[in-house]
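The file structure.cif comes next; it holds mmCIF, C-alpha atoms and all ligand atoms.
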```
data_coords
#
loop_
_atom_site.label_atom_id
_atom_site.label_comp_id
_atom_site.auth_asym_id
_atom_site.auth_seq_id
_atom_site.Cartn_x
_atom_site.Cartn_y
_atom_site.Cartn_z
CA MET A 111 -75.91 49.99 -52.96
CA LYS A 112 -78.34 47.84 -51.00
CA ASN A 113 -75.43 45.65 -49.66
CA ILE A 114 -73.55 48.68 -48.29
CA LEU A 115 -76.51 50.42 -46.78
CA GLN A 116 -77.74 47.44 -44.81
CA PRO A 117 -74.64 47.00 -42.54
CA LEU A 118 -74.38 50.77 -42.13
CA ALA A 119 -77.98 50.93 -41.05
CA LEU A 120 -77.40 48.08 -38.61
CA ALA A 121 -74.34 49.79 -37.09
CA ALA A 122 -76.29 53.03 -36.72
CA LEU A 123 -79.12 51.14 -35.06
CA LEU A 124 -76.74 49.40 -32.59
CA ALA A 125 -75.01 52.69 -31.80
CA ALA A 126 -78.33 54.43 -31.26
CA SER A 127 -79.52 51.68 -28.92
CA GLY A 128 -76.18 51.71 -27.05
CA ALA A 129 -75.84 47.93 -27.62
CA GLN A 130 -72.32 46.51 -27.79
CA ALA A 131 -70.58 43.21 -27.27
CA GLN A 132 -69.96 42.60 -23.59
CA THR A 133 -67.54 40.17 -21.95
CA VAL A 134 -68.01 39.18 -18.32
CA LEU A 135 -64.78 38.03 -16.61
CA LYS A 136 -64.81 35.74 -13.59
CA ILE A 137 -62.50 36.90 -10.79
CA GLY A 138 -61.91 34.82 -7.67
CA TYR A 139 -60.18 35.33 -4.32
CA ALA A 140 -60.02 33.74 -0.87
CA THR A 141 -61.56 36.30 1.46
CA SER A 142 -64.74 38.41 1.65
CA GLN A 143 -65.71 41.21 -0.74
CA THR A 144 -65.09 43.81 2.00
CA SER A 145 -61.56 42.46 2.68
CA HIS A 146 -58.32 43.79 1.13
CA TYR A 147 -58.67 41.31 -1.79
CA GLY A 148 -62.26 42.45 -2.33
CA VAL A 149 -61.31 46.13 -2.26
CA GLY A 150 -58.51 45.64 -4.81
CA SER A 151 -60.62 43.42 -7.06
CA THR A 152 -63.56 45.86 -7.00
CA VAL A 153 -61.32 48.77 -8.04
CA PHE A 154 -59.94 46.64 -10.89
CA CYS A 155 -63.44 45.70 -12.06
CA ASP A 156 -64.71 49.29 -11.91
CA GLU A 157 -61.69 50.55 -13.83
CA ILE A 158 -61.91 48.06 -16.71
CA ASP A 159 -65.66 48.70 -16.97
CA LYS A 160 -65.04 52.46 -17.18
CA GLY A 161 -61.96 52.22 -19.40
CA THR A 162 -63.61 49.95 -21.99
CA GLN A 163 -66.98 51.74 -21.90
CA GLY A 164 -68.65 48.69 -20.45
CA ARG A 165 -67.29 46.16 -22.98
CA TYR A 166 -65.54 44.32 -20.10
CA LYS A 167 -67.23 43.66 -16.78
CA CYS A 168 -66.53 41.29 -13.89
CA GLN A 169 -68.39 38.77 -11.87
CA GLN A 170 -66.71 38.47 -8.48
CA PHE A 171 -66.32 35.19 -6.57
CA PRO A 172 -65.09 36.01 -3.03
CA ASN A 173 -64.71 33.59 -0.08
CA SER A 174 -62.92 30.86 -2.09
CA ALA A 175 -66.13 30.23 -4.05
CA LEU A 176 -63.98 29.03 -6.98
CA GLY A 177 -61.74 26.88 -4.76
CA GLY A 178 -58.40 27.25 -2.96
CA GLU A 179 -55.72 29.56 -4.35
CA ARG A 180 -53.76 26.71 -5.90
CA GLU A 181 -56.82 25.47 -7.78
CA GLN A 182 -57.68 28.97 -8.96
CA ILE A 183 -54.18 29.68 -10.29
CA GLU A 184 -54.36 26.42 -12.21
CA ALA A 185 -57.78 27.35 -13.65
CA VAL A 186 -56.46 30.76 -14.77
CA GLN A 187 -53.48 29.09 -16.42
CA LEU A 188 -55.83 26.70 -18.23
CA GLY A 189 -58.26 29.50 -19.16
CA THR A 190 -61.30 28.05 -17.34
CA GLN A 191 -61.20 31.04 -14.93
CA ASP A 192 -60.33 34.57 -16.10
CA LEU A 193 -58.71 36.21 -13.08
CA VAL A 194 -57.46 35.43 -9.59
CA ASN A 195 -56.25 37.80 -6.88
CA THR A 196 -54.00 35.45 -4.91
CA SER A 197 -51.12 35.34 -2.45
CA THR A 198 -47.80 33.97 -3.69
CA GLY A 199 -48.24 31.05 -1.26
CA PRO A 200 -48.99 28.40 -3.92
CA LEU A 201 -47.56 30.35 -6.88
CA GLY A 202 -44.10 28.85 -6.53
CA ASN A 203 -45.57 25.49 -7.54
CA PHE A 204 -46.17 27.02 -10.99
CA VAL A 205 -43.25 29.46 -11.22
CA PRO A 206 -40.41 28.25 -8.93
CA GLU A 207 -38.45 31.54 -9.13
CA VAL A 208 -41.28 33.34 -7.28
CA LYS A 209 -40.63 31.31 -4.12
CA ILE A 210 -37.75 33.61 -3.16
CA VAL A 211 -40.17 36.33 -2.01
CA ASP A 212 -41.69 33.91 0.54
CA ILE A 213 -38.50 33.69 2.62
CA PRO A 214 -39.19 34.59 6.30
CA PHE A 215 -37.69 37.88 7.54
CA LEU A 216 -36.55 38.79 4.01
CA PHE A 217 -38.28 42.17 3.93
CA ARG A 218 -37.73 44.84 6.59
CA ASP A 219 -41.12 46.55 6.33
CA TYR A 220 -43.93 47.47 3.93
CA ASP A 221 -41.90 50.20 2.17
CA HIS A 222 -39.10 47.76 1.47
CA ALA A 223 -41.43 44.98 0.26
CA ARG A 224 -43.45 47.26 -2.03
CA LYS A 225 -40.30 48.80 -3.52
CA VAL A 226 -38.90 45.36 -4.35
CA MET A 227 -42.16 44.06 -5.83
CA ASP A 228 -42.70 47.19 -7.97
CA GLY A 229 -39.04 47.45 -9.02
CA PRO A 230 -36.84 45.44 -11.43
CA ILE A 231 -36.88 42.29 -9.23
CA GLY A 232 -40.69 42.16 -9.15
CA GLN A 233 -40.89 42.96 -12.88
CA ASP A 234 -38.48 40.15 -13.66
CA LEU A 235 -40.69 37.73 -11.71
CA GLN A 236 -43.72 38.99 -13.68
CA LYS A 237 -41.90 38.02 -16.91
CA LYS A 238 -41.17 34.56 -15.49
CA MET A 239 -44.89 34.20 -14.74
CA GLU A 240 -45.87 35.25 -18.26
CA ALA A 241 -43.58 32.54 -19.64
CA LYS A 242 -45.65 30.02 -17.62
CA GLY A 243 -49.00 31.28 -18.93
CA LEU A 244 -49.87 33.59 -16.04
CA ILE A 245 -50.27 37.32 -16.82
CA ASN A 246 -49.51 39.17 -13.58
CA LEU A 247 -51.17 42.56 -14.09
CA ALA A 248 -49.85 43.89 -10.77
CA TRP A 249 -48.40 42.84 -7.46
CA THR A 250 -51.25 43.43 -5.06
CA GLU A 251 -50.75 42.50 -1.40
CA ASN A 252 -51.75 40.15 1.39
CA GLY A 253 -49.50 41.65 4.11
CA PHE A 254 -47.04 40.70 6.84
CA ARG A 255 -48.11 37.46 8.52
CA HIS A 256 -48.66 37.13 12.26
CA MET A 257 -49.31 34.06 14.42
CA THR A 258 -52.54 33.17 16.21
CA ASN A 259 -53.19 30.14 18.39
CA SER A 260 -55.51 28.76 21.04
CA LYS A 261 -52.84 27.65 23.55
CA ARG A 262 -50.54 30.46 24.74
CA ALA A 263 -49.04 33.89 24.18
CA ILE A 264 -46.04 33.84 21.83
CA VAL A 265 -43.45 36.43 22.82
CA GLN A 266 -40.30 34.71 21.58
CA ALA A 267 -39.51 31.89 19.17
CA ASN A 268 -39.34 29.30 21.98
CA ASP A 269 -42.99 29.94 22.83
CA ALA A 270 -44.01 28.60 19.42
CA ASN A 271 -42.20 25.33 20.08
CA GLY A 272 -44.48 22.31 19.68
CA LEU A 273 -47.51 24.20 18.38
CA LYS A 274 -49.33 22.52 15.52
CA MET A 275 -49.94 25.29 13.04
CA ARG A 276 -51.69 25.35 9.73
CA THR A 277 -49.41 26.78 7.04
CA MET A 278 -49.84 27.43 3.35
CA GLU A 279 -48.74 24.67 1.00
CA ASN A 280 -45.36 26.37 0.70
CA LYS A 281 -42.06 24.64 1.44
CA VAL A 282 -40.12 27.88 1.89
CA HIS A 283 -42.48 28.88 4.71
CA MET A 284 -42.50 25.40 6.24
CA ASP A 285 -38.68 25.12 6.27
CA GLY A 286 -38.50 28.46 8.06
CA TYR A 287 -41.27 27.77 10.57
CA LYS A 288 -39.72 24.44 11.58
CA THR A 289 -36.76 26.41 12.98
CA PHE A 290 -39.19 28.01 15.47
CA GLY A 291 -40.16 24.53 16.65
CA ILE A 292 -43.58 24.78 15.02
CA LEU A 293 -45.14 21.61 13.61
CA PRO A 294 -46.29 22.90 10.21
CA THR A 295 -49.53 21.43 8.86
CA PRO A 296 -50.11 22.51 5.25
CA MET A 297 -53.79 22.87 4.40
CA PRO A 298 -55.85 24.80 1.82
CA PHE A 299 -57.32 27.97 3.31
CA PRO A 300 -61.01 27.01 2.82
CA GLU A 301 -60.52 24.18 5.37
CA LEU A 302 -58.86 26.37 7.98
CA PHE A 303 -61.73 27.85 10.01
CA THR A 304 -63.20 24.42 10.74
CA ALA A 305 -59.75 23.00 11.57
CA LEU A 306 -59.26 25.78 14.14
CA GLN A 307 -62.76 25.34 15.51
CA GLN A 308 -62.35 21.59 15.91
CA GLY A 309 -58.81 21.87 17.30
CA THR A 310 -57.27 19.85 14.46
CA VAL A 311 -54.54 22.51 14.58
CA ASP A 312 -53.58 24.83 17.46
CA GLY A 313 -53.02 27.87 15.33
CA GLN A 314 -52.33 29.52 12.01
CA GLU A 315 -50.51 32.53 10.63
CA ASN A 316 -51.92 35.24 8.38
CA PRO A 317 -51.93 39.01 7.92
CA ILE A 318 -54.28 41.20 10.02
CA PRO A 319 -56.73 41.77 7.10
CA VAL A 320 -57.22 37.98 6.82
CA ILE A 321 -57.51 37.44 10.59
CA LEU A 322 -60.15 40.17 10.68
CA SER A 323 -62.17 39.29 7.60
CA SER A 324 -62.12 35.55 8.37
CA LYS A 325 -63.27 36.19 11.97
CA PHE A 326 -60.49 34.08 13.50
CA SER A 327 -61.12 35.90 16.81
CA GLN A 328 -64.08 33.52 17.17
CA VAL A 329 -61.77 30.49 17.27
CA GLN A 330 -58.36 31.78 18.42
CA LYS A 331 -57.45 33.43 21.71
CA HIS A 332 -53.86 34.59 21.17
CA LEU A 333 -52.44 36.88 18.50
CA SER A 334 -48.72 37.71 18.34
CA LEU A 335 -47.50 40.41 16.00
CA THR A 336 -44.58 38.33 14.76
CA GLY A 337 -44.55 39.77 11.22
CA HIS A 338 -42.38 36.76 10.44
CA VAL A 339 -42.88 36.83 6.67
CA TYR A 340 -44.25 39.20 4.04
CA SER A 341 -47.02 37.72 1.91
CA PRO A 342 -47.14 39.33 -1.54
CA ALA A 343 -50.15 38.84 -3.79
CA ALA A 344 -50.74 39.04 -7.53
CA LEU A 345 -53.65 39.95 -9.77
CA ILE A 346 -53.37 37.30 -12.46
CA LEU A 347 -55.18 37.25 -15.80
CA SER A 348 -55.52 34.27 -18.07
CA PRO A 349 -53.57 34.46 -21.35
CA ALA A 350 -56.79 33.25 -23.01
CA VAL A 351 -58.24 36.72 -22.23
CA TRP A 352 -55.03 38.76 -22.54
CA ASN A 353 -54.26 37.49 -26.06
CA LYS A 354 -57.66 38.65 -27.31
CA LEU A 355 -57.36 42.22 -25.96
CA SER A 356 -56.58 45.14 -28.29
CA ALA A 357 -53.43 47.17 -27.52
CA ASP A 358 -55.62 49.92 -26.03
CA ASP A 359 -57.56 47.50 -23.83
CA LYS A 360 -54.27 45.97 -22.64
CA LYS A 361 -53.27 49.44 -21.41
CA VAL A 362 -56.63 49.82 -19.63
CA PHE A 363 -56.16 46.44 -17.89
CA MET A 364 -52.58 47.25 -16.82
CA GLU A 365 -53.61 50.64 -15.47
CA ALA A 366 -56.58 49.08 -13.67
CA GLY A 367 -54.16 46.55 -12.11
CA LYS A 368 -51.99 49.38 -10.74
CA LYS A 369 -55.01 51.13 -9.22
CA ALA A 370 -56.22 47.84 -7.73
CA ALA A 371 -52.81 47.25 -6.12
CA ALA A 372 -52.78 50.76 -4.62
CA ALA A 373 -56.29 50.31 -3.18
CA GLN A 374 -55.52 46.83 -1.83
CA ARG A 375 -52.32 48.04 -0.15
CA LYS A 376 -54.17 50.98 1.38
CA LYS A 377 -56.73 48.57 2.84
CA VAL A 378 -53.86 46.48 4.29
CA ASN A 379 -52.46 49.67 5.90
CA ASP A 380 -55.88 50.63 7.29
CA ASP A 381 -56.44 47.14 8.74
CA GLU A 382 -52.94 47.11 10.31
CA ASN A 383 -53.68 50.52 11.88
CA ASN A 384 -57.24 49.89 13.10
CA GLY A 385 -57.78 46.14 13.06
CA ILE A 386 -55.70 45.16 16.07
CA ALA A 387 -57.87 47.25 18.42
CA GLN A 388 -60.91 45.59 16.84
CA LEU A 389 -59.47 42.11 17.43
CA GLU A 390 -58.80 43.03 21.09
CA LYS A 391 -62.40 44.19 21.40
CA ASP A 392 -63.44 40.85 19.94
CA GLY A 393 -61.60 39.15 22.82
CA MET A 394 -58.16 38.31 21.45
CA GLN A 395 -55.11 38.71 23.68
CA VAL A 396 -52.51 40.50 21.59
CA VAL A 397 -48.73 40.40 22.11
CA LYS A 398 -47.50 43.59 20.50
CA GLN A 399 -43.88 43.50 21.75
CA VAL A 400 -42.62 40.29 20.18
CA ASN A 401 -38.93 39.42 20.55
CA GLY A 402 -38.18 39.59 16.83
CA GLU A 403 -34.48 38.92 17.36
CA SER A 404 -35.22 35.45 18.80
CA PHE A 405 -37.16 34.56 15.62
CA ARG A 406 -34.48 35.97 13.30
CA LYS A 407 -31.79 34.04 15.18
CA ALA A 408 -33.82 30.82 15.01
CA VAL A 409 -34.41 31.08 11.27
CA ALA A 410 -30.77 31.91 10.37
CA PRO A 411 -29.78 28.24 9.69
CA ALA A 412 -32.63 27.91 7.16
CA TYR A 413 -30.99 30.68 5.11
CA ALA A 414 -28.24 28.21 4.08
CA GLY A 415 -30.93 26.15 2.33
CA TYR A 416 -32.51 29.26 0.79
CA ALA A 417 -29.11 30.42 -0.50
CA LYS A 418 -28.58 27.01 -2.10
CA GLU A 419 -32.00 27.07 -3.74
CA PHE A 420 -32.18 30.70 -4.89
CA GLY A 421 -28.58 31.99 -4.78
CA ALA A 422 -27.10 34.06 -1.95
CA ASP A 423 -26.59 36.92 -4.43
CA LYS A 424 -30.32 37.02 -5.31
CA ILE A 425 -31.28 37.12 -1.62
CA ALA A 426 -28.69 39.84 -0.97
CA ALA A 427 -30.01 41.86 -3.94
CA ILE A 428 -33.48 41.92 -2.37
CA GLN A 429 -32.09 42.81 1.06
CA ALA A 430 -30.01 45.62 -0.48
CA VAL A 431 -33.01 47.48 -1.92
CA LYS A 432 -33.37 50.74 0.03
O1 LIG A 501 -53.24 31.67 4.36
C1 LIG A 501 -53.51 31.69 3.15
O2 LIG A 501 -53.72 30.66 2.50
C2 LIG A 501 -53.54 33.04 2.45
O3 LIG A 501 -52.89 34.00 3.21
C3 LIG A 501 -54.97 33.51 2.11
C4 LIG A 501 -55.79 33.69 3.35
C5 LIG A 501 -55.65 32.48 1.19
C6 LIG A 501 -54.94 34.85 1.41
O4 LIG A 501 -54.12 34.89 0.31
#
```
Will you turn the file into structure tokens for me?
Amino acid sequence: MKNILQPLALAALLAASGAQAQTVLKIGYATSQTSHYGVGSTVFCDEIDKGTQGRYKCQQFPNSALGGEREQIEAVQLGTQDLVNTSTGPLGNFVPEVKIVDIPFLFRDYDHARKVMDGPIGQDLQKKMEAKGLINLAWTENGFRHMTNSKRAIVQANDANGLKMRTMENKVHMDGYKTFGILPTPMPFPELFTALQQGTVDGQENPIPVILSSKFSQVQKHLSLTGHVYSPAALILSPAVWNKLSADDKKVFMEAGKKAAAAQRKKVNDDENNGIAQLEKDGMQVVKQVNGESFRKAVAPAYAGYAKEFGADKIAAIQAVK
């Protein structure tokens, strides 16, 4: 009798005191906590806290505090970091099939991109990621990328000719950008602000939420709304955590991922709508009417290489999504 009563009494005591086992998950991302990545990550953290009655909480590491995106993806795969909210930029180095979504001018607009990422094509890529030890809870978003530089206004592809631009460490991007005459300089994001400040590179390309939150208006004069490539992002959990979750907690995490993606995309929309005026106020000269056709024409030859690497049918399947 004594042996049964003791654990029961202990359980009652723990319940009465509200004490329970708590796991704190480390989540990292490149930009500030008020940026699109921060907004999405905060919603995720709040939702898992609520959904598991406080058994799972997060500690957030914004501003690349845990390293560049490539390093963080690797750490999540190894299980030394729990979560990363990252662009697909370096993801293709781990899961080659993902590289297809980094093709310039592949997506028409946000509706098209989000439909593809949330539909069967995006889900198939999520499975490919799982097979490589990366649990993609949801496709979040970085946004359409635009060019900034310190030299001149870019209206058409020719204007970019000869500019030394920092790019992500992504061959699909670099192959495309070379067709604009750009000299691509791959570099981890944490090194970028200083490189722009010191003139090591003339420019860079990133979505409006990144240009805003990273204060590139302090070191770049020209912004051109080239929208030359869509930059998807993913909220990735380590299998070391996923495999320990109960079936119910897995549902909570998946649902939290969906809500995070919705919030992050909304923040991207808000920044696209309001951020350009802010950047102008901060002194940037913005080219809003870019000659998109000149860029599309320039990049066309690179599509032969993309078709060889990914399959023309796979590219066409993405383009055909309405
Ligand atoms: O340019 C990059 O490396 C990425 O767009 C960034 C800023 C790390 C966000 O994913």
(message) One number please: CA of Val265 in chain A to CA of Asn401 in chain A, in Å, one decimal.
(response)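 So the answer is 5.9 Å.
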(request) Determine the nearest neighbour of Leu193 in chain A from the options A:Tyr139, A:Phe326, A:Phe299, A:Tyr416, counting all atoms listed in the file. (result)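 Selected residue with least distance to Leu193 in chain A: A:Tyr139.
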Closest contacts (chain A/ligand LIG 501 (chain A), max 7 Å, only C-alpha atoms and all ligand atoms) as JSON lines:
```
{"residue": "A:Ala140", "atom": "CA", "partner": "A:LIG501", "partner_atom": "C5", "distance": 5.0}
{"residue": "A:Thr141", "atom": "CA", "partner": "A:LIG501", "partner_atom": "C4", "distance": 6.6}
{"residue": "A:Glu179", "atom": "CA", "partner": "A:LIG501", "partner_atom": "C5", "distance": 6.3}
{"residue": "A:Thr196", "atom": "CA", "partner": "A:LIG501", "partner_atom": "O4", "distance": 5.3}
{"residue": "A:Ser197", "atom": "CA", "partner": "A:LIG501", "partner_atom": "O4", "distance": 4.1}
{"residue": "A:Gly199", "atom": "CA", "partner": "A:LIG501", "partner_atom": "O2", "distance": 6.7}
{"residue": "A:Asn252", "atom": "CA", "partner": "A:LIG501", "partner_atom": "O4", "distance": 5.9}
{"residue": "A:Thr277", "atom": "CA", "partner": "A:LIG501", "partner_atom": "O1", "distance": 6.8}
{"residue": "A:Met278", "atom": "CA", "partner": "A:LIG501", "partner_atom": "O2", "distance": 5.1}
{"residue": "A:Pro298", "atom": "CA", "partner": "A:LIG501", "partner_atom": "O2", "distance": 6.3}
{"residue": "A:Phe299", "atom": "CA", "partner": "A:LIG501", "partner_atom": "O2", "distance": 4.6}
{"residue": "A:Glu315", "atom": "CA", "partner": "A:LIG501", "partner_atom": "O1", "distance": 6.9}
{"residue": "A:Asn316", "atom": "CA", "partner": "A:LIG501", "partner_atom": "O3", "distance": 5.4}
{"residue": "A:Pro317", "atom": "CA", "partner": "A:LIG501", "partner_atom": "O3", "distance": 6.9}
{"residue": "A:Val320", "atom": "CA", "partner": "A:LIG501", "partner_atom": "C4", "distance": 5.7}
{"residue": "A:Ala343", "atom": "CA", "partner": "A:LIG501", "partner_atom": "O4", "distance": 6.9}
```
(request) Write out as a list in words each polymer residue whose atoms come within 8 Å of Val149 in chain A, counting only C-alpha atoms; drop sequence neighbours fewer than 6 positions from it. (result) Gln143, Ala370, Ala373, Gln374 and Lys377 of chain A
(request) Quick one: pull the distance between CA of Val194 in chain A and CA of Glu181 in chain A, Å, one decimal. (result)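 These two atoms are separated by 10.1 Å.
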(request) Counting only C-alpha atoms, select every polymer residue within 10 Å of (-46.9, 35.7, -13.1) as defined in the file's coordinates, and provide the selection as an NGL selection string. (result) :A and (183 or 187 or 198 or 201-202 or 204-205 or 208 or 232-249 or 344-347)
For C-alpha atoms, I'd like the residues from the last selection saved as a PDB file, in the coordinates of the input.
```
ATOM      1  CA  ILE A 183     -54.180  29.680 -10.290  1.00  0.00           C
ATOM      2  CA  GLN A 187     -53.480  29.090 -16.420  1.00  0.00           C
ATOM      3  CA  THR A 198     -47.800  33.970  -3.690  1.00  0.00           C
ATOM      4  CA  LEU A 201     -47.560  30.350  -6.880  1.00  0.00           C
ATOM      5  CA  GLY A 202     -44.100  28.850  -6.530  1.00  0.00           C
ATOM      6  CA  PHE A 204     -46.170  27.020 -10.990  1.00  0.00           C
ATOM      7  CA  VAL A 205     -43.250  29.460 -11.220  1.00  0.00           C
ATOM      8  CA  VAL A 208     -41.280  33.340  -7.280  1.00  0.00           C
ATOM      9  CA  GLY A 232     -40.690  42.160  -9.150  1.00  0.00           C
ATOM     10  CA  GLN A 233     -40.890  42.960 -12.880  1.00  0.00           C
ATOM     11  CA  ASP A 234     -38.480  40.150 -13.660  1.00  0.00           C
ATOM     12  CA  LEU A 235     -40.690  37.730 -11.710  1.00  0.00           C
ATOM     13  CA  GLN A 236     -43.720  38.990 -13.680  1.00  0.00           C
ATOM     14  CA  LYS A 237     -41.900  38.020 -16.910  1.00  0.00           C
ATOM     15  CA  LYS A 238     -41.170  34.560 -15.490  1.00  0.00           C
ATOM     16  CA  MET A 239     -44.890  34.200 -14.740  1.00  0.00           C
ATOM     17  CA  GLU A 240     -45.870  35.250 -18.260  1.00  0.00           C
ATOM     18  CA  ALA A 241     -43.580  32.540 -19.640  1.00  0.00           C
ATOM     19  CA  LYS A 242     -45.650  30.020 -17.620  1.00  0.00           C
ATOM     20  CA  GLY A 243     -49.000  31.280 -18.930  1.00  0.00           C
ATOM     21  CA  LEU A 244     -49.870  33.590 -16.040  1.00  0.00           C
ATOM     22  CA  ILE A 245     -50.270  37.320 -16.820  1.00  0.00           C
ATOM     23  CA  ASN A 246     -49.510  39.170 -13.580  1.00  0.00           C
ATOM     24  CA  LEU A 247     -51.170  42.560 -14.090  1.00  0.00           C
ATOM     25  CA  ALA A 248     -49.850  43.890 -10.770  1.00  0.00           C
ATOM     26  CA  TRP A 249     -48.400  42.840  -7.460  1.00  0.00           C
ATOM     27  CA  ALA A 344     -50.740  39.040  -7.530  1.00  0.00           C
ATOM     28  CA  LEU A 345     -53.650  39.950  -9.770  1.00  0.00           C
ATOM     29  CA  ILE A 346     -53.370  37.300 -12.460  1.00  0.00           C
ATOM     30  CA  LEU A 347     -55.180  37.250 -15.800  1.00  0.00           C
TER      31      LEU A 347
END
```
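Our summary of the geometry notes that CA of Val400 in chain A is positioned 12.6 Å from CA of His332 in chain A.
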(request) Using all atoms listed in the file, determine which residues lie at most 12 Å from Tyr340 in chain A, disregarding the query and same-chain residues fewer than 6 positions distant; provide the list as a PyMOL selection string. (result) chain A and resi 197-199+209-224+226-227+251-256+283+315-318
